[in-house]
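Data file: coords-v2.cif. Format and content: mmCIF, C-alpha atoms.
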```cif
data_protein
#
loop_
_atom_site.group_PDB
_atom_site.id
_atom_site.type_symbol
_atom_site.label_atom_id
_atom_site.label_comp_id
_atom_site.auth_asym_id
_atom_site.auth_seq_id
_atom_site.Cartn_x
_atom_site.Cartn_y
_atom_site.Cartn_z
ATOM 1 C CA MET A 42 -14.302 -16.056 -5.119
ATOM 2 C CA ASN A 43 -14.232 -12.288 -5.720
ATOM 3 C CA LEU A 44 -11.580 -11.915 -3.010
ATOM 4 C CA ILE A 45 -9.304 -14.414 -4.750
ATOM 5 C CA ILE A 46 -9.727 -12.720 -8.130
ATOM 6 C CA GLU A 47 -9.025 -9.276 -6.656
ATOM 7 C CA VAL A 48 -5.935 -10.512 -4.795
ATOM 8 C CA ILE A 49 -4.602 -12.167 -7.958
ATOM 9 C CA GLY A 50 -5.308 -8.960 -9.890
ATOM 10 C CA SER A 51 -3.433 -6.938 -7.284
ATOM 11 C CA PHE A 52 -0.534 -9.388 -7.445
ATOM 12 C CA LEU A 53 -0.357 -9.036 -11.226
ATOM 13 C CA ALA A 54 -0.682 -5.238 -11.077
ATOM 14 C CA SER A 55 2.173 -5.043 -8.577
ATOM 15 C CA ILE A 56 4.293 -7.329 -10.748
ATOM 16 C CA GLY A 57 3.530 -5.151 -13.761
ATOM 17 C CA PHE A 58 4.722 -2.053 -11.975
ATOM 18 C CA ALA A 59 7.762 -3.909 -10.649
ATOM 19 C CA ILE A 60 8.721 -4.725 -14.228
ATOM 20 C CA LEU A 61 7.980 -1.132 -15.250
ATOM 21 C CA PHE A 62 10.290 0.106 -12.471
ATOM 22 C CA ASN A 63 13.018 -2.264 -13.736
ATOM 23 C CA ILE A 64 13.091 -4.538 -10.702
ATOM 24 C CA LYS A 65 14.858 -7.793 -11.489
ATOM 25 C CA GLY A 66 14.759 -11.448 -10.475
ATOM 26 C CA LYS A 67 13.103 -12.711 -7.317
ATOM 27 C CA HIS A 68 12.384 -9.144 -6.233
ATOM 28 C CA VAL A 69 9.557 -8.962 -8.796
ATOM 29 C CA ILE A 70 7.692 -11.813 -7.087
ATOM 30 C CA ILE A 71 8.359 -10.376 -3.618
ATOM 31 C CA ALA A 72 6.995 -7.000 -4.739
ATOM 32 C CA GLY A 73 3.959 -8.720 -6.233
ATOM 33 C CA LEU A 74 3.317 -10.546 -2.982
ATOM 34 C CA ALA A 75 3.515 -7.245 -1.106
ATOM 35 C CA GLY A 76 0.756 -5.843 -3.309
ATOM 36 C CA ALA A 77 -1.313 -9.008 -2.908
ATOM 37 C CA ILE A 78 -0.934 -8.893 0.881
ATOM 38 C CA GLY A 79 -2.050 -5.273 0.978
ATOM 39 C CA ALA A 80 -5.098 -5.945 -1.190
ATOM 40 C CA CYS A 81 -6.048 -9.100 0.707
ATOM 41 C CA VAL A 82 -5.850 -7.397 4.099
ATOM 42 C CA TYR A 83 -7.812 -4.423 2.765
ATOM 43 C CA LYS A 84 -10.609 -6.600 1.401
ATOM 44 C CA MET A 85 -10.704 -8.771 4.531
ATOM 45 C CA ALA A 86 -10.936 -5.697 6.757
ATOM 46 C CA LEU A 87 -13.839 -4.418 4.650
ATOM 47 C CA LEU A 88 -15.550 -7.796 5.007
ATOM 48 C CA TYR A 89 -15.281 -7.462 8.787
ATOM 49 C CA ASP A 90 -17.101 -4.094 8.712
ATOM 50 C CA CYS A 91 -14.099 -1.792 9.051
ATOM 51 C CA SER A 92 -14.417 1.641 7.514
ATOM 52 C CA GLU A 93 -12.531 2.288 4.305
ATOM 53 C CA MET A 94 -9.997 4.475 6.116
ATOM 54 C CA MET A 95 -9.321 1.846 8.769
ATOM 55 C CA ALA A 96 -9.051 -0.915 6.161
ATOM 56 C CA ILE A 97 -6.498 1.110 4.175
ATOM 57 C CA PHE A 98 -4.542 1.847 7.362
ATOM 58 C CA ILE A 99 -4.418 -1.810 8.426
ATOM 59 C CA ALA A 100 -3.432 -2.879 4.903
ATOM 60 C CA SER A 101 -0.647 -0.289 4.750
ATOM 61 C CA LEU A 102 0.688 -1.495 8.101
ATOM 62 C CA CYS A 103 0.714 -5.104 6.883
ATOM 63 C CA PHE A 104 2.409 -4.597 3.535
ATOM 64 C CA SER A 105 4.867 -2.157 5.106
ATOM 65 C CA PHE A 106 5.932 -4.728 7.713
ATOM 66 C CA TYR A 107 6.271 -7.343 4.984
ATOM 67 C CA SER A 108 8.309 -4.965 2.822
ATOM 68 C CA GLU A 109 10.578 -3.862 5.662
ATOM 69 C CA ILE A 110 11.340 -7.414 6.757
ATOM 70 C CA LEU A 111 11.995 -8.736 3.257
ATOM 71 C CA ALA A 112 14.067 -5.700 2.326
ATOM 72 C CA ARG A 113 16.362 -6.517 5.248
ATOM 73 C CA ILE A 114 16.494 -10.208 4.321
ATOM 74 C CA CYS A 115 17.159 -9.524 0.612
ATOM 75 C CA LYS A 116 19.435 -6.531 1.336
ATOM 76 C CA THR A 117 17.542 -4.193 -0.983
ATOM 77 C CA PRO A 118 15.983 -0.773 -0.431
ATOM 78 C CA VAL A 119 12.529 -1.011 1.094
ATOM 79 C CA THR A 120 11.102 1.336 -1.525
ATOM 80 C CA THR A 121 11.626 -1.457 -4.058
ATOM 81 C CA TYR A 122 8.714 -3.306 -2.480
ATOM 82 C CA ILE A 123 6.634 -0.511 -0.959
ATOM 83 C CA VAL A 124 6.137 1.421 -4.199
ATOM 84 C CA CYS A 125 4.836 -1.683 -5.967
ATOM 85 C CA ALA A 126 2.626 -2.645 -3.010
ATOM 86 C CA LEU A 127 1.023 0.814 -3.002
ATOM 87 C CA ILE A 128 -0.325 0.494 -6.537
ATOM 88 C CA PRO A 129 -3.485 -1.557 -5.794
ATOM 89 C CA LEU A 130 -4.449 0.707 -2.873
ATOM 90 C CA VAL A 131 -3.874 4.139 -4.404
ATOM 91 C CA PRO A 132 -7.214 5.973 -4.648
ATOM 92 C CA GLY A 133 -7.006 6.633 -8.382
ATOM 93 C CA GLY A 134 -10.752 6.386 -8.863
ATOM 94 C CA GLY A 135 -11.281 9.084 -6.262
ATOM 95 C CA MET A 136 -8.817 11.363 -8.020
ATOM 96 C CA TYR A 137 -10.622 10.805 -11.306
ATOM 97 C CA GLN A 138 -14.030 11.489 -9.753
ATOM 98 C CA THR A 139 -12.713 14.673 -8.114
ATOM 99 C CA MET A 140 -11.494 16.042 -11.434
ATOM 100 C CA LEU A 141 -14.657 14.953 -13.233
ATOM 101 C CA GLN A 142 -16.904 16.683 -10.701
ATOM 102 C CA ALA A 143 -14.754 19.825 -10.822
ATOM 103 C CA LEU A 144 -14.878 19.948 -14.617
ATOM 104 C CA GLN A 145 -18.638 19.455 -14.612
ATOM 105 C CA GLY A 146 -19.016 22.384 -12.231
ATOM 106 C CA ASN A 147 -20.141 20.379 -9.178
ATOM 107 C CA ILE A 148 -17.777 22.123 -6.790
ATOM 108 C CA ASP A 149 -19.375 20.815 -3.586
ATOM 109 C CA GLN A 150 -19.194 17.218 -4.805
ATOM 110 C CA ALA A 151 -15.639 17.756 -6.075
ATOM 111 C CA LEU A 152 -14.533 19.089 -2.691
ATOM 112 C CA THR A 153 -16.187 16.206 -0.840
ATOM 113 C CA THR A 154 -14.659 13.577 -3.109
ATOM 114 C CA GLY A 155 -11.279 15.323 -3.099
ATOM 115 C CA LEU A 156 -11.154 15.527 0.678
ATOM 116 C CA ASN A 157 -12.056 11.850 0.970
ATOM 117 C CA THR A 158 -9.364 10.942 -1.574
ATOM 118 C CA LEU A 159 -6.732 13.006 0.226
ATOM 119 C CA SER A 160 -7.733 11.413 3.511
ATOM 120 C CA ILE A 161 -7.280 7.920 2.068
ATOM 121 C CA ALA A 162 -3.875 8.880 0.665
ATOM 122 C CA GLY A 163 -2.875 10.374 4.031
ATOM 123 C CA VAL A 164 -3.923 7.252 5.916
ATOM 124 C CA LEU A 165 -1.959 5.120 3.462
ATOM 125 C CA VAL A 166 1.165 7.204 3.950
ATOM 126 C CA SER A 167 0.784 7.370 7.721
ATOM 127 C CA GLY A 168 0.678 3.559 7.957
ATOM 128 C CA ILE A 169 3.910 3.326 5.979
ATOM 129 C CA LEU A 170 5.501 6.078 8.077
ATOM 130 C CA ILE A 171 4.603 4.396 11.371
ATOM 131 C CA VAL A 172 6.092 1.064 10.311
ATOM 132 C CA SER A 173 9.201 2.712 8.872
ATOM 133 C CA THR A 174 9.812 4.672 12.058
ATOM 134 C CA LEU A 175 9.203 1.640 14.255
ATOM 135 C CA MET A 176 11.528 -0.592 12.228
ATOM 136 C CA ARG A 177 14.234 2.057 12.138
ATOM 137 C CA THR A 178 14.046 2.387 15.934
ATOM 138 C CA VAL A 179 14.180 -1.384 16.448
ATOM 139 C CA TYR A 180 17.164 -1.881 14.152
ATOM 140 C CA ARG A 181 18.995 1.113 15.592
ATOM 141 C CA ARG A 182 18.633 -0.329 19.105
ATOM 142 C CA ARG A 183 19.806 -3.746 17.909
ATOM 143 C CA SER A 184 22.911 -2.251 16.307
ATOM 144 C CA ASN A 185 23.745 -0.296 19.491
ATOM 145 C CA LEU A 186 23.693 -3.502 21.559
#
```
As structure tokens, please, write out the structure in this file.
Amino acid sequence: MNLIIEVIGSFLASIGFAILFNIKGKHVIIAGLAGAIGACVYKMALLYDCSEMMAIFIASLCFSFYSEILARICKTPVTTYIVCALIPLVPGGGMYQTMLQALQGNIDQALTTGLNTLSIAGVLVSGILIVSTLMRTVYRRRSNL
């Protein structure tokens, strides 16, 4: 039940940011589904005992593939969907905790939390980068044939 609530929350958060970014029509729902897919895959990977880093990586691969494919089908820029799908997975809590620990003078804890947060952000970006590079290579080869 918690998984369903969290996926619905991620869907609504992605839709909210899609509206904030002035995305129109059916693209709002597609962007919301991208965020829901990312959150669902992340939570499922955590349920199957993946580490947080691996779960984020797998989720970023999944929503990136979804975004790339639907961007081609709908003839829109892929960033329209990827930016909205990122929202539920961005480590905002880690950023907050890093700043809180730094302001309280706990430098060791701030550095540990900050490094973990940067690692999560890097894994998220690397998943998107891998899919983007792969899709660009595939479509370039198809256009050359």
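Of the residues listed (A:Met136, A:Cys103, A:Met42, A:Val48), A:Met136 shows the shortest atom-to-atom separation from Leu159 (chain A); distances use all atoms listed in the file.
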Report, in Å to a single decimal, how far apart CA of Leu61 (chain A) and CA of Asn157 (chain A) are.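 One can read the CA of Asn157 (chain A) to CA of Leu61 (chain A) distance as 28.9 Å.
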Problem set entry | Straight-line distance linking CA of Ile46 (chain A) with CA of Leu74 (chain A), stated in Å to one decimal |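 Between these atoms lies a distance of 14.2 Å.
The interatomic distance for the pair CA of Tyr83 (chain A) and CA of Ile99 (chain A) works out to 7.1 Å.
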Starting from the PyMOL selection byres ((chain A and resi 84) around 9), expand the selection into actual residues of this file and give them as a CSV table (one decimal) with C-alpha atoms, in the frame of the given file.
```csv
chain,number,residue,atom,x,y,z
A,44,LEU,CA,-11.6,-11.9,-3.0
A,47,GLU,CA,-9.0,-9.3,-6.7
A,48,VAL,CA,-5.9,-10.5,-4.8
A,79,GLY,CA,-2.0,-5.3,1.0
A,80,ALA,CA,-5.1,-5.9,-1.2
A,81,CYS,CA,-6.0,-9.1,0.7
A,82,VAL,CA,-5.8,-7.4,4.1
A,83,TYR,CA,-7.8,-4.4,2.8
A,85,MET,CA,-10.7,-8.8,4.5
A,86,ALA,CA,-10.9,-5.7,6.8
A,87,LEU,CA,-13.8,-4.4,4.6
A,88,LEU,CA,-15.6,-7.8,5.0
A,89,TYR,CA,-15.3,-7.5,8.8
A,96,ALA,CA,-9.1,-0.9,6.2
A,100,ALA,CA,-3.4,-2.9,4.9
```
If you count all atoms listed in the file, the residue of A:Ala54, A:Ile110, A:Ala72, A:Thr121 closest to Tyr180 (chain A) turns out to be A:Ile110
Across A:Asn147, A:Thr139, A:Ser184, A:Ser55, the smallest distance to Tyr122 (chain A), with all atoms listed in the file counted, is shown by A:Ser55
For the structure shown, which residues end up in the PyMOL selection byres ((chain A and resi 127) around 12)? Put them as an mmCIF file with C-alpha atoms, in the coordinates of the input, please?
```cif
data_model
loop_
_atom_site.group_PDB
_atom_site.id
_atom_site.type_symbol
_atom_site.label_atom_id
_atom_site.label_comp_id
_atom_site.auth_asym_id
_atom_site.auth_seq_id
_atom_site.Cartn_x
_atom_site.Cartn_y
_atom_site.Cartn_z
ATOM 1 C CA SER A 51 -3.433 -6.938 -7.284
ATOM 2 C CA PHE A 52 -0.534 -9.388 -7.445
ATOM 3 C CA ALA A 54 -0.682 -5.238 -11.077
ATOM 4 C CA SER A 55 2.173 -5.043 -8.577
ATOM 5 C CA ILE A 56 4.293 -7.329 -10.748
ATOM 6 C CA PHE A 58 4.722 -2.053 -11.975
ATOM 7 C CA ALA A 59 7.762 -3.909 -10.649
ATOM 8 C CA ALA A 72 6.995 -7.000 -4.739
ATOM 9 C CA GLY A 73 3.959 -8.720 -6.233
ATOM 10 C CA LEU A 74 3.317 -10.546 -2.982
ATOM 11 C CA ALA A 75 3.515 -7.245 -1.106
ATOM 12 C CA GLY A 76 0.756 -5.843 -3.309
ATOM 13 C CA ALA A 77 -1.313 -9.008 -2.908
ATOM 14 C CA ILE A 78 -0.934 -8.893 0.881
ATOM 15 C CA GLY A 79 -2.050 -5.273 0.978
ATOM 16 C CA ALA A 80 -5.098 -5.945 -1.190
ATOM 17 C CA TYR A 83 -7.812 -4.423 2.765
ATOM 18 C CA ILE A 97 -6.498 1.110 4.175
ATOM 19 C CA PHE A 98 -4.542 1.847 7.362
ATOM 20 C CA ALA A 100 -3.432 -2.879 4.903
ATOM 21 C CA SER A 101 -0.647 -0.289 4.750
ATOM 22 C CA LEU A 102 0.688 -1.495 8.101
ATOM 23 C CA CYS A 103 0.714 -5.104 6.883
ATOM 24 C CA PHE A 104 2.409 -4.597 3.535
ATOM 25 C CA SER A 105 4.867 -2.157 5.106
ATOM 26 C CA SER A 108 8.309 -4.965 2.822
ATOM 27 C CA THR A 120 11.102 1.336 -1.525
ATOM 28 C CA THR A 121 11.626 -1.457 -4.058
ATOM 29 C CA TYR A 122 8.714 -3.306 -2.480
ATOM 30 C CA ILE A 123 6.634 -0.511 -0.959
ATOM 31 C CA VAL A 124 6.137 1.421 -4.199
ATOM 32 C CA CYS A 125 4.836 -1.683 -5.967
ATOM 33 C CA ALA A 126 2.626 -2.645 -3.010
ATOM 34 C CA ILE A 128 -0.325 0.494 -6.537
ATOM 35 C CA PRO A 129 -3.485 -1.557 -5.794
ATOM 36 C CA LEU A 130 -4.449 0.707 -2.873
ATOM 37 C CA VAL A 131 -3.874 4.139 -4.404
ATOM 38 C CA PRO A 132 -7.214 5.973 -4.648
ATOM 39 C CA GLY A 133 -7.006 6.633 -8.382
ATOM 40 C CA ALA A 162 -3.875 8.880 0.665
ATOM 41 C CA LEU A 165 -1.959 5.120 3.462
ATOM 42 C CA VAL A 166 1.165 7.204 3.950
ATOM 43 C CA GLY A 168 0.678 3.559 7.957
ATOM 44 C CA ILE A 169 3.910 3.326 5.979
#
```
If you count all atoms listed in the file, the residue of A:Arg182, A:Lys116, A:His68, A:Met95 closest to Val164 (chain A) turns out to be A:Met95
Listed atoms of region 177-182 of chain A boxed axis-aligned with 5 Å per side, centre + edges as AutoDock Vina command-line options:
```
--center_x 16.5 --center_y 0.3 --center_z 15.6 --size_x 14.9 --size_y 14.3 --size_z 17.0
```
Given all atoms listed in the file as the counted atoms, nearest of A:Ile148, A:Ala143, A:Glu109, A:Gly135 to Val172 (chain A):
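Of the candidates, the smallest distance to Val172 (chain A) is held by A:Glu109.
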